[in-house]
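Let me begin by presenting the structure, written as C-alpha cells, before commenting on it.
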Amino acid sequence: MIYNLLIGGAAGQGMETIASVLVKLLKRKGFEAFTLQDYMSRVRGGHNFFQIRFGNEEINSHSDKLDGIIALNIDTITLHIDNLNKYGFIIVDESIEYDDDRVISLPLKTIAKKIGNPKVFGNVALGAIMNLFKLKLTYIEELLGETFDPEIAVQNLLAFKEGYTLTQPKFPIEAKDKDNSILVNGNEAIALGALAAGCKFYSAYPMTPSTSIMNYLSSKIKKAGIVVEQAEDEIAAINMAIGASYAGARSMTGTSGGGFALMVEAIGLSSMLEVPLVIAEIQRPGPTTGFPTRTEQGELKFVITCSQGEFPRMVIALRNPEDAFYQTVRAFNLADKYQIPVILLGDQYLADCQRTIKPFDFSLIKIEKHLSDSDYLDGKEYKRYEITETGVSPRIIPGGISHNFVRVDSDEHDEYGQITESASIRVQMNDKRLRKMEFLKKELLEPEFIGKDDFEVLLVGWGSLYSPIKEAVKLLNEDGESKYSALIFGDVWPLPVSLINEKSNKAKKLINIEQNATGQLASLIRENTGIEFNSSILKYDGRPISAQEIYNKLKEVK
C-alpha cells in the first residue's frame, strides 16, 4: 500500500518545516518515502505545496492522485480537491469553511494558542495524521529535539500529542520500525558524490535550483576539508574553479541555465588549457529568468554545443539520487583522465525531490588521479601539451617537479605551451584535443533498459524522467493491452548508440518522452543514428510529468 499526502498553503506558513518533520518521521519508522516540492519564486504569499508518498513498497516518483490534504488555507483545497480520492481526507483548521464530507475540521490554531506558540499548529495537524494511519508516536520526541531548540521542541511535542487525540484510525498501515535507509535529494547526492570523489574546491554564485549543492558543501567545510567560495558572479565562479584545478585541486562549480550561459567562454578555456573541471548544470525553464523555481529539460543541446570552437567535453544526465552520487564520482575521474570539462545535467525536479534509498556503497568508489611524476620525464624536458596517441598529455602540478614549468595559455600553443600562429601546429593541437573523444567513447554507459525483451512499444527518455517512466511502464504492462519497455539515457554526450540501435529495430512503435518543447533527445538520436520516432510526449509548463500523465498520454497515442 502506498499513500500520497499533500501539505499546502502560502509561502511563510511553515510548510517546509511541517513536511520535513513528517517525512523524516515516516522514514525512521521504516517506510519508503518520496517528496515533491512545488514552490513559487516569492518569500510570502502565493501557493506552495509539498507532496509526500509513503508506504512499504518501492516508490520511484510522485503521483497526481491524493489520499490526504493538509490545507493551511482555502486555496489549497480549491486547487487540489479534484485530485483527492473519494475515500480521502482534508485536514483544516476550524476557521476554514468548506462544504465537503471529506473535510476534517480541527481546532489546530486554538490548541497551538493554548500551548503558547501559534506556530506549532502544523504539528497539531501532523499528530492527527499519525492517528489516522494508526502510527505510534515513537521517534517524535527524538526527532523534534534534533529539529528545534529545547523549549520549542517541548511545545511541538505537546502539539503532536494533542493532535493525536483529535482523530481515530482510518487508514491503518504497518510500520517496519527498521531504518537502514537514507533520505536524500538529488543536489545533496551530487554534493556527497563530490566529497566522495575528493573534491577540494567548489565555487558558485547562488542560482536556483543549483544553490543547495553549495549550501550542503559549505556545511561540511571543516569535516571534509573543502574550500567553498561564493563568488561575485558565475564568470568568477568558473574561473576560480579552473584556477584551483590548474593548481592540482579537484574542483567543481555549479549553476543553472542563465549562469551557465555566462560560463560558456570559460568552459572553452578549460578545454584549451586541458584542465579537468566538473560543472553541475541544474536546469530550470528559460529563456532568461524563465521560471526560477520550476523544472524543465530545455538545455541538452545547449550544453553539448556550448562555447566557440570544437573541443571535447562529456555530458551526463542524472537520473535519480543514487545515480547522481555515483555519476558525480565518475565525472571527476573522467575529467581527470581526459583533462576535459564534464557537465552533470540535472533539473529542479531531481534537485529538490527527496527519496529514501539504500546507503551509498563506498566500496564501489575509486578515486582515479592521473598525474605524472619525475619518473615519467626521465631527464626529458616537460611538454605540457605533448602530442600523444590518446590526445591526453602528461599533467603535473605546477611546482611539483623541480625545474619544470607548466605553461598554459588561452591562445593556441605548441607542445610546450608557447603561443603560436603556425597553421600546421594549430591542426596538430586541435586534432590532439579532439582525439580524446574517440577514447572517451569507449567509456560510455549505454542507456538503462526497463522492461522485458518482448516489448512492442519502446519509450525513450533521459535524466530525471527515469523515475516517472519506470513507474509508467509498470502501470501500462499491468493493463496487458500492449507490451511496453523503456530506454533511459544517462550519458548523453558523446551519445551511446549501440542499445538504441538494437532495441529500436525490435519496436513496433518508438516514442520519446521529454520535458521540453522540441524533443531535443529525439533530435540528437536522429542526428547520430538516423532513427525516427513515431510520436512524442512533451511537457514544458514547468511542472514535472507524472507516471499517470505518461500513462494517459500513451493511451491517446494511436
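Ligands are numbered from 1 in the order shown, chains are lettered A, B, ... in the order of the C-alpha cells, and residues start at 1 in each chain.
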Surrounding residues of Lys383 in chain A excluding itself and chain neighbours under 3 positions, 12 Å, only C-alpha atoms, as a PyMOL selection string:
chain A and resi 372+376-377+380+386-388+392-396+404-408+413-418
How close does each residue of range 35-121 of chain A get to range 531-546 of chain A, giving the shortest atom pair and distance in Å to one decimal for every residue with an atom at most 8 Å away, counting only C-alpha atoms, sorted by chain and residue number, as JSON lines?
```
{"residue": "A:Ser61", "atom": "CA", "partner": "A:Ser546", "partner_atom": "CA", "distance": 7.4}
{"residue": "A:His62", "atom": "CA", "partner": "A:Ser546", "partner_atom": "CA", "distance": 6.4}
{"residue": "A:Ser63", "atom": "CA", "partner": "A:Ser546", "partner_atom": "CA", "distance": 6.0}
{"residue": "A:Asp64", "atom": "CA", "partner": "A:Ser546", "partner_atom": "CA", "distance": 6.9}
```
N, CA, C and O atoms of the current selection, written as a short mmCIF file (atom, residue, chain, number, x, y, z; two decimals), in the first residue's frame:
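Just written: selection.cif:
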```cif
data_model
loop_
_atom_site.label_atom_id
_atom_site.label_comp_id
_atom_site.auth_asym_id
_atom_site.auth_seq_id
_atom_site.Cartn_x
_atom_site.Cartn_y
_atom_site.Cartn_z
N SER A 61 8.64 7.80 -7.81
CA SER A 61 8.24 9.08 -8.35
C SER A 61 7.06 9.65 -7.59
O SER A 61 6.55 9.02 -6.66
N HIS A 62 6.63 10.85 -8.01
CA HIS A 62 5.45 11.46 -7.41
C HIS A 62 4.20 10.95 -8.11
O HIS A 62 4.26 10.26 -9.12
N SER A 63 3.04 11.29 -7.53
CA SER A 63 1.77 10.87 -8.10
C SER A 63 0.79 12.04 -8.07
O SER A 63 0.85 12.89 -7.18
N ASP A 64 -0.11 12.07 -9.04
CA ASP A 64 -1.15 13.10 -9.07
C ASP A 64 -2.31 12.77 -8.14
O ASP A 64 -3.05 13.65 -7.72
#
```
With a distance cut-off of 9 Å and only C-alpha atoms, select the neighbouring residues of Ile81 in chain A, excluding the residue or stretch itself and same-chain residues fewer than 4 positions from it, and output the selection as a short mmCIF file (atom, residue, chain, number, x, y, z; two decimals) with N, CA, C and O atoms, in the first residue's frame.
```
data_model
loop_
_atom_site.label_atom_id
_atom_site.label_comp_id
_atom_site.auth_asym_id
_atom_site.auth_seq_id
_atom_site.Cartn_x
_atom_site.Cartn_y
_atom_site.Cartn_z
N LEU A 66 -4.24 11.87 -4.83
CA LEU A 66 -4.03 12.19 -3.42
C LEU A 66 -4.95 11.37 -2.52
O LEU A 66 -6.11 11.12 -2.84
N ILE A 69 -5.09 15.65 2.27
CA ILE A 69 -4.64 17.03 2.10
C ILE A 69 -4.61 17.69 3.46
O ILE A 69 -5.57 17.59 4.23
N THR A 76 -5.59 25.90 -1.00
CA THR A 76 -5.08 24.54 -1.13
C THR A 76 -6.20 23.56 -1.45
O THR A 76 -6.03 22.64 -2.26
N ILE A 77 -7.35 23.74 -0.82
CA ILE A 77 -8.48 22.84 -1.08
C ILE A 77 -8.98 23.03 -2.50
O ILE A 77 -9.13 22.06 -3.26
N ASN A 85 -8.91 11.32 -3.77
CA ASN A 85 -9.81 10.19 -3.99
C ASN A 85 -11.03 10.27 -3.07
O ASN A 85 -11.03 11.00 -2.08
N ILE A 90 -9.37 15.71 4.19
CA ILE A 90 -8.80 17.06 4.16
C ILE A 90 -8.79 17.57 5.59
O ILE A 90 -9.85 17.73 6.21
#
```
Residue neighbourhood Ala522 in chain A, 10 Å, only C-alpha atoms, exclusion window fewer than 3 positions, as a list of chain:residue names:
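Contacts, in chain order: A:Val460, A:Gly461, A:Ile511, A:Asn512, A:Ile513, A:Glu514, A:Thr518, A:Gly519, A:Ile525, A:Arg526, A:Glu527, A:Asn528, A:Ile531, A:Glu532, A:Phe533, A:Ser535, A:Ser536.
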Dump N, CA and C atoms for the selected residues as a tab-separated table (two decimals), in the first residue's frame?
```tsv
chain	number	residue	atom	x	y	z
A	460	VAL	N	11.48	6.23	-24.81
A	460	VAL	CA	12.86	6.72	-24.69
A	460	VAL	C	12.84	8.06	-23.97
A	461	GLY	N	13.64	8.17	-22.92
A	461	GLY	CA	13.75	9.42	-22.18
A	461	GLY	C	15.15	9.60	-21.65
A	511	ILE	N	8.58	5.96	-29.04
A	511	ILE	CA	8.02	7.21	-28.53
A	511	ILE	C	9.02	7.87	-27.58
A	512	ASN	N	9.36	9.13	-27.84
A	512	ASN	CA	10.24	9.85	-26.91
A	512	ASN	C	9.40	10.67	-25.94
A	513	ILE	N	9.87	10.72	-24.69
A	513	ILE	CA	9.20	11.46	-23.62
A	513	ILE	C	10.22	12.44	-23.05
A	514	GLU	N	9.93	13.73	-23.15
A	514	GLU	CA	10.88	14.74	-22.69
A	514	GLU	C	10.16	15.93	-22.08
A	518	THR	N	10.74	20.76	-27.92
A	518	THR	CA	11.24	20.42	-29.26
A	518	THR	C	11.77	19.00	-29.39
A	519	GLY	N	11.70	18.20	-28.33
A	519	GLY	CA	12.20	16.82	-28.42
A	519	GLY	C	13.68	16.77	-28.68
A	525	ILE	N	19.30	11.84	-31.23
A	525	ILE	CA	19.36	10.45	-31.67
A	525	ILE	C	19.22	10.36	-33.18
A	526	ARG	N	18.30	11.12	-33.74
A	526	ARG	CA	18.11	11.12	-35.20
A	526	ARG	C	19.39	11.58	-35.91
A	527	GLU	N	20.02	12.60	-35.37
A	527	GLU	CA	21.25	13.15	-35.96
A	527	GLU	C	22.38	12.15	-35.95
A	528	ASN	N	22.45	11.33	-34.88
A	528	ASN	CA	23.57	10.41	-34.72
A	528	ASN	C	23.31	9.00	-35.21
A	531	ILE	N	17.61	7.27	-36.62
A	531	ILE	CA	16.37	6.69	-36.08
A	531	ILE	C	15.30	7.76	-35.96
A	532	GLU	N	14.11	7.46	-36.47
A	532	GLU	CA	12.98	8.37	-36.39
A	532	GLU	C	11.97	7.85	-35.35
A	533	PHE	N	11.42	8.76	-34.55
A	533	PHE	CA	10.40	8.40	-33.57
A	533	PHE	C	9.01	8.51	-34.19
A	535	SER	N	6.17	9.13	-32.40
A	535	SER	CA	5.45	10.24	-31.76
A	535	SER	C	6.21	10.67	-30.51
A	536	SER	N	5.76	11.78	-29.92
A	536	SER	CA	6.44	12.36	-28.76
A	536	SER	C	5.42	12.72	-27.68
```
Shell around Ala247 in chain A at 8 Å using only C-alpha atoms, local window under 3 positions removed, as a short mmCIF file (atom, residue, chain, number, x, y, z; two decimals) with all heavy atoms, in the first residue's frame:
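File selection24.cif, as written:
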```cif
data_model
loop_
_atom_site.label_atom_id
_atom_site.label_comp_id
_atom_site.auth_asym_id
_atom_site.auth_seq_id
_atom_site.Cartn_x
_atom_site.Cartn_y
_atom_site.Cartn_z
N GLY A 243 41.20 27.76 -12.00
CA GLY A 243 42.48 28.07 -11.35
C GLY A 243 42.84 27.05 -10.29
O GLY A 243 44.00 26.62 -10.18
N ALA A 244 41.85 26.65 -9.49
CA ALA A 244 42.11 25.65 -8.45
C ALA A 244 42.50 24.31 -9.06
O ALA A 244 43.38 23.60 -8.55
CB ALA A 244 40.89 25.50 -7.55
N ILE A 397 51.45 18.95 -11.45
CA ILE A 397 51.03 20.12 -10.69
C ILE A 397 52.12 21.18 -10.77
O ILE A 397 53.31 20.86 -10.63
CB ILE A 397 50.76 19.73 -9.22
CG1 ILE A 397 49.59 18.74 -9.16
CG2 ILE A 397 50.49 20.95 -8.36
CD1 ILE A 397 49.35 18.18 -7.79
N PRO A 398 51.78 22.43 -11.00
CA PRO A 398 52.80 23.49 -11.05
C PRO A 398 53.68 23.46 -9.79
O PRO A 398 53.17 23.43 -8.67
CB PRO A 398 51.97 24.77 -11.12
CG PRO A 398 50.68 24.34 -11.76
CD PRO A 398 50.43 22.95 -11.26
#
```
Per DSSP on the backbone, what are the strand (DSSP E or B) residues of range 183-233 of chain A, as a compact mmCIF listing (two decimals) with all heavy atoms, in the first residue's frame?
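Final output, saved to part_6.txt:
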```txt
# COMPACT_ATOMS: atom_id res chain seq x y z
N LEU A 183 17.66 9.46 3.56
CA LEU A 183 16.72 10.35 2.89
C LEU A 183 17.53 11.46 2.24
O LEU A 183 18.22 12.22 2.93
CB LEU A 183 15.73 10.92 3.91
CG LEU A 183 14.63 11.83 3.38
CD1 LEU A 183 13.66 11.04 2.52
CD2 LEU A 183 13.89 12.48 4.55
N VAL A 184 17.46 11.56 0.92
CA VAL A 184 18.36 12.48 0.23
C VAL A 184 17.69 12.99 -1.04
O VAL A 184 16.87 12.29 -1.65
CB VAL A 184 19.69 11.76 -0.10
CG1 VAL A 184 19.48 10.63 -1.10
CG2 VAL A 184 20.76 12.71 -0.59
N ASN A 185 18.00 14.23 -1.42
CA ASN A 185 17.54 14.73 -2.72
C ASN A 185 18.70 14.72 -3.72
O ASN A 185 19.84 14.43 -3.37
CB ASN A 185 16.88 16.11 -2.60
CG ASN A 185 17.84 17.20 -2.14
OD1 ASN A 185 19.02 17.21 -2.49
ND2 ASN A 185 17.35 18.15 -1.35
N PHE A 201 37.64 21.94 -3.87
CA PHE A 201 37.31 23.35 -4.13
C PHE A 201 35.99 23.41 -4.89
O PHE A 201 35.83 22.76 -5.93
CB PHE A 201 38.41 24.04 -4.93
CG PHE A 201 38.16 25.51 -5.14
CD1 PHE A 201 38.55 26.43 -4.19
CD2 PHE A 201 37.52 25.97 -6.29
CE1 PHE A 201 38.32 27.79 -4.36
CE2 PHE A 201 37.28 27.33 -6.48
CZ PHE A 201 37.68 28.24 -5.51
N TYR A 202 35.06 24.20 -4.35
CA TYR A 202 33.78 24.41 -5.02
C TYR A 202 33.48 25.90 -5.00
O TYR A 202 33.52 26.54 -3.95
CB TYR A 202 32.65 23.66 -4.31
CG TYR A 202 31.31 23.75 -5.03
CD1 TYR A 202 30.96 22.80 -5.96
CD2 TYR A 202 30.43 24.80 -4.78
CE1 TYR A 202 29.75 22.87 -6.65
CE2 TYR A 202 29.22 24.88 -5.47
CZ TYR A 202 28.88 23.91 -6.39
OH TYR A 202 27.69 24.00 -7.06
N SER A 203 33.20 26.45 -6.17
CA SER A 203 32.87 27.86 -6.26
C SER A 203 31.59 28.01 -7.07
O SER A 203 31.39 27.31 -8.06
CB SER A 203 34.01 28.65 -6.91
OG SER A 203 34.38 28.07 -8.15
N ALA A 204 30.74 28.93 -6.65
CA ALA A 204 29.47 29.14 -7.35
C ALA A 204 28.88 30.47 -6.96
O ALA A 204 29.24 31.07 -5.94
CB ALA A 204 28.49 28.01 -7.02
N VAL A 227 37.26 23.77 0.41
CA VAL A 227 37.08 25.21 0.31
C VAL A 227 35.84 25.47 -0.54
O VAL A 227 35.73 24.96 -1.66
CB VAL A 227 38.31 25.89 -0.34
CG1 VAL A 227 38.03 27.38 -0.57
CG2 VAL A 227 39.54 25.70 0.54
N VAL A 228 34.90 26.24 0.00
CA VAL A 228 33.68 26.61 -0.74
C VAL A 228 33.64 28.13 -0.83
O VAL A 228 33.67 28.83 0.18
CB VAL A 228 32.42 26.09 -0.04
CG1 VAL A 228 31.17 26.52 -0.81
CG2 VAL A 228 32.47 24.58 0.09
N GLU A 229 33.60 28.64 -2.06
CA GLU A 229 33.66 30.08 -2.29
C GLU A 229 32.39 30.55 -3.00
O GLU A 229 32.06 30.06 -4.08
CB GLU A 229 34.87 30.42 -3.16
CG GLU A 229 35.00 31.88 -3.52
CD GLU A 229 35.32 32.80 -2.35
OE1 GLU A 229 35.85 32.27 -1.34
OE2 GLU A 229 35.07 34.00 -2.44
N GLN A 230 31.66 31.47 -2.36
CA GLN A 230 30.54 32.11 -3.06
C GLN A 230 31.10 33.29 -3.83
O GLN A 230 31.47 34.31 -3.26
CB GLN A 230 29.46 32.57 -2.08
CG GLN A 230 28.30 33.26 -2.78
CD GLN A 230 27.16 33.62 -1.86
OE1 GLN A 230 26.79 32.86 -0.98
NE2 GLN A 230 26.59 34.81 -2.04
```
Step one, run DSSP on the backbone; step two, keep only residues of range 165-324 of chain A assigned to alpha helix (DSSP H); then write them as a PyMOL selection string.
chain A and resi 186-196+211-218+221-224+234-246+257-273+300-305+321-324
Extract, using only C-alpha atoms, all DNA, RNA and protein residues at most 10 Å from Ile91 in chain A, discarding same-chain residues fewer than 4 positions from it, and format them as an mmCIF file with C-alpha atoms, in the first residue's frame.
```cif
data_model
loop_
_atom_site.group_PDB
_atom_site.id
_atom_site.type_symbol
_atom_site.label_atom_id
_atom_site.label_comp_id
_atom_site.auth_asym_id
_atom_site.auth_seq_id
_atom_site.Cartn_x
_atom_site.Cartn_y
_atom_site.Cartn_z
ATOM 1 C CA ILE A 7 0.588 19.855 2.539
ATOM 2 C CA GLY A 68 -4.997 13.247 2.057
ATOM 3 C CA ILE A 69 -4.640 17.028 2.096
ATOM 4 C CA ILE A 70 -3.407 19.211 4.965
ATOM 5 C CA ALA A 71 -4.744 22.601 3.928
ATOM 6 C CA LEU A 72 -3.254 25.632 5.653
ATOM 7 C CA ILE A 77 -8.475 22.843 -1.080
ATOM 8 C CA ILE A 96 -11.691 27.376 7.275
ATOM 9 C CA ARG A 102 -14.054 14.543 3.404
ATOM 10 C CA VAL A 103 -13.169 17.668 5.417
ATOM 11 C CA ILE A 104 -11.960 17.070 8.974
ATOM 12 C CA SER A 105 -12.262 20.404 10.774
ATOM 13 C CA LEU A 106 -9.990 20.610 13.833
ATOM 14 C CA LEU A 108 -5.477 23.451 15.248
ATOM 15 C CA ALA A 125 -2.254 18.520 12.251
ATOM 16 C CA LEU A 126 0.623 16.030 11.967
ATOM 17 C CA ALA A 128 -3.917 13.993 13.858
ATOM 18 C CA ILE A 129 -2.486 12.359 10.720
#
```
What are the closest atom pairs, with distances in Å to one decimal, for each residue of range 162-266 of chain A lying within 9 Å of range 308-322 of chain A, using only C-alpha atoms, rows by chain and rising residue number, as a Markdown table?
```
| residue | atom | partner | partner_atom | distance |
| --- | --- | --- | --- | --- |
| A:Val184 | CA | A:Pro321 | CA | 7.0 |
| A:Asn185 | CA | A:Pro321 | CA | 6.0 |
| A:Gly186 | CA | A:Pro321 | CA | 4.6 |
| A:Asn187 | CA | A:Pro321 | CA | 7.9 |
| A:Glu188 | CA | A:Pro321 | CA | 8.1 |
| A:Ala189 | CA | A:Pro321 | CA | 5.5 |
| A:Ile190 | CA | A:Pro321 | CA | 7.8 |
| A:Val264 | CA | A:Gln308 | CA | 8.3 |
| A:Glu265 | CA | A:Gln308 | CA | 7.3 |
```
Store the residues picked out above, limited to N, CA and C atoms, as a PDB file, in the first residue's frame.
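File result_3.pdb, as written:
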```pdb
ATOM      1  N   VAL A 184      17.464  11.562   0.923  1.00  0.00           N
ATOM      2  CA  VAL A 184      18.362  12.481   0.230  1.00  0.00           C
ATOM      3  C   VAL A 184      17.686  12.988  -1.042  1.00  0.00           C
ATOM      4  N   ASN A 185      18.001  14.230  -1.420  1.00  0.00           N
ATOM      5  CA  ASN A 185      17.536  14.725  -2.717  1.00  0.00           C
ATOM      6  C   ASN A 185      18.698  14.723  -3.716  1.00  0.00           C
ATOM      7  N   GLY A 186      18.408  15.077  -4.951  1.00  0.00           N
ATOM      8  CA  GLY A 186      19.416  14.984  -5.997  1.00  0.00           C
ATOM      9  C   GLY A 186      20.615  15.887  -5.780  1.00  0.00           C
ATOM     10  N   ASN A 187      20.389  17.118  -5.342  1.00  0.00           N
ATOM     11  CA  ASN A 187      21.508  18.036  -5.138  1.00  0.00           C
ATOM     12  C   ASN A 187      22.386  17.605  -3.971  1.00  0.00           C
ATOM     13  N   GLU A 188      21.765  17.077  -2.911  1.00  0.00           N
ATOM     14  CA  GLU A 188      22.566  16.551  -1.806  1.00  0.00           C
ATOM     15  C   GLU A 188      23.408  15.370  -2.279  1.00  0.00           C
ATOM     16  N   ALA A 189      22.838  14.535  -3.142  1.00  0.00           N
ATOM     17  CA  ALA A 189      23.578  13.389  -3.669  1.00  0.00           C
ATOM     18  C   ALA A 189      24.758  13.842  -4.533  1.00  0.00           C
ATOM     19  N   ILE A 190      24.567  14.903  -5.315  1.00  0.00           N
ATOM     20  CA  ILE A 190      25.680  15.460  -6.096  1.00  0.00           C
ATOM     21  C   ILE A 190      26.784  15.945  -5.165  1.00  0.00           C
ATOM     22  N   VAL A 264      30.106  30.067 -20.408  1.00  0.00           N
ATOM     23  CA  VAL A 264      30.413  29.397 -21.670  1.00  0.00           C
ATOM     24  C   VAL A 264      31.843  29.640 -22.147  1.00  0.00           C
ATOM     25  N   GLU A 265      32.302  30.886 -22.156  1.00  0.00           N
ATOM     26  CA  GLU A 265      33.656  31.147 -22.659  1.00  0.00           C
ATOM     27  C   GLU A 265      34.704  30.433 -21.815  1.00  0.00           C
TER      28      GLU A 265
END
```
If we count only C-alpha atoms, what is near range 233-241 of chain A at a cut-off of 12 Å, once residues fewer than 4 positions away on the same chain are taken out, given as number ranges by chain?
A: 199-207, 214, 227-229, 245-270, 273, 275-281, 341
For the atom pair CA of Ser485 in chain A and CA of Asn501 in chain A, what is the interatomic distance in Å to one decimal place?
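Going from CA of Ser485 in chain A over to CA of Asn501 in chain A, I get 14.7 Å.
Minimum distance to Gln283 in chain A across A:Gly463, A:Thr138, A:Ser410, A:Ser402 (counting only C-alpha atoms) occurs at A:Gly463.
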Pairwise distance for CA of Phe89 in chain A and CA of Ile469 in chain A, rounded to one decimal in Å
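So the answer is 28.5 Å.
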With distances taken over only C-alpha atoms, which of A:Asp179, A:Phe121, A:Lys134, A:Ala191 is nearest to Glu162 in chain A?
A:Phe121
To one decimal in Å, tell me the separation between CA of Lys369 in chain A and CA of Asp336 in chain A.
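Computing it gives 6.2 Å between the two atoms.
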Top pick for closest residue to Gln548 in chain A, considering A:Gly298, A:Gly530, A:Leu475, A:Gly391 and counting only C-alpha atoms:
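Looking only at the distances to Gln548 in chain A, the closest residue turns out to be A:Leu475.
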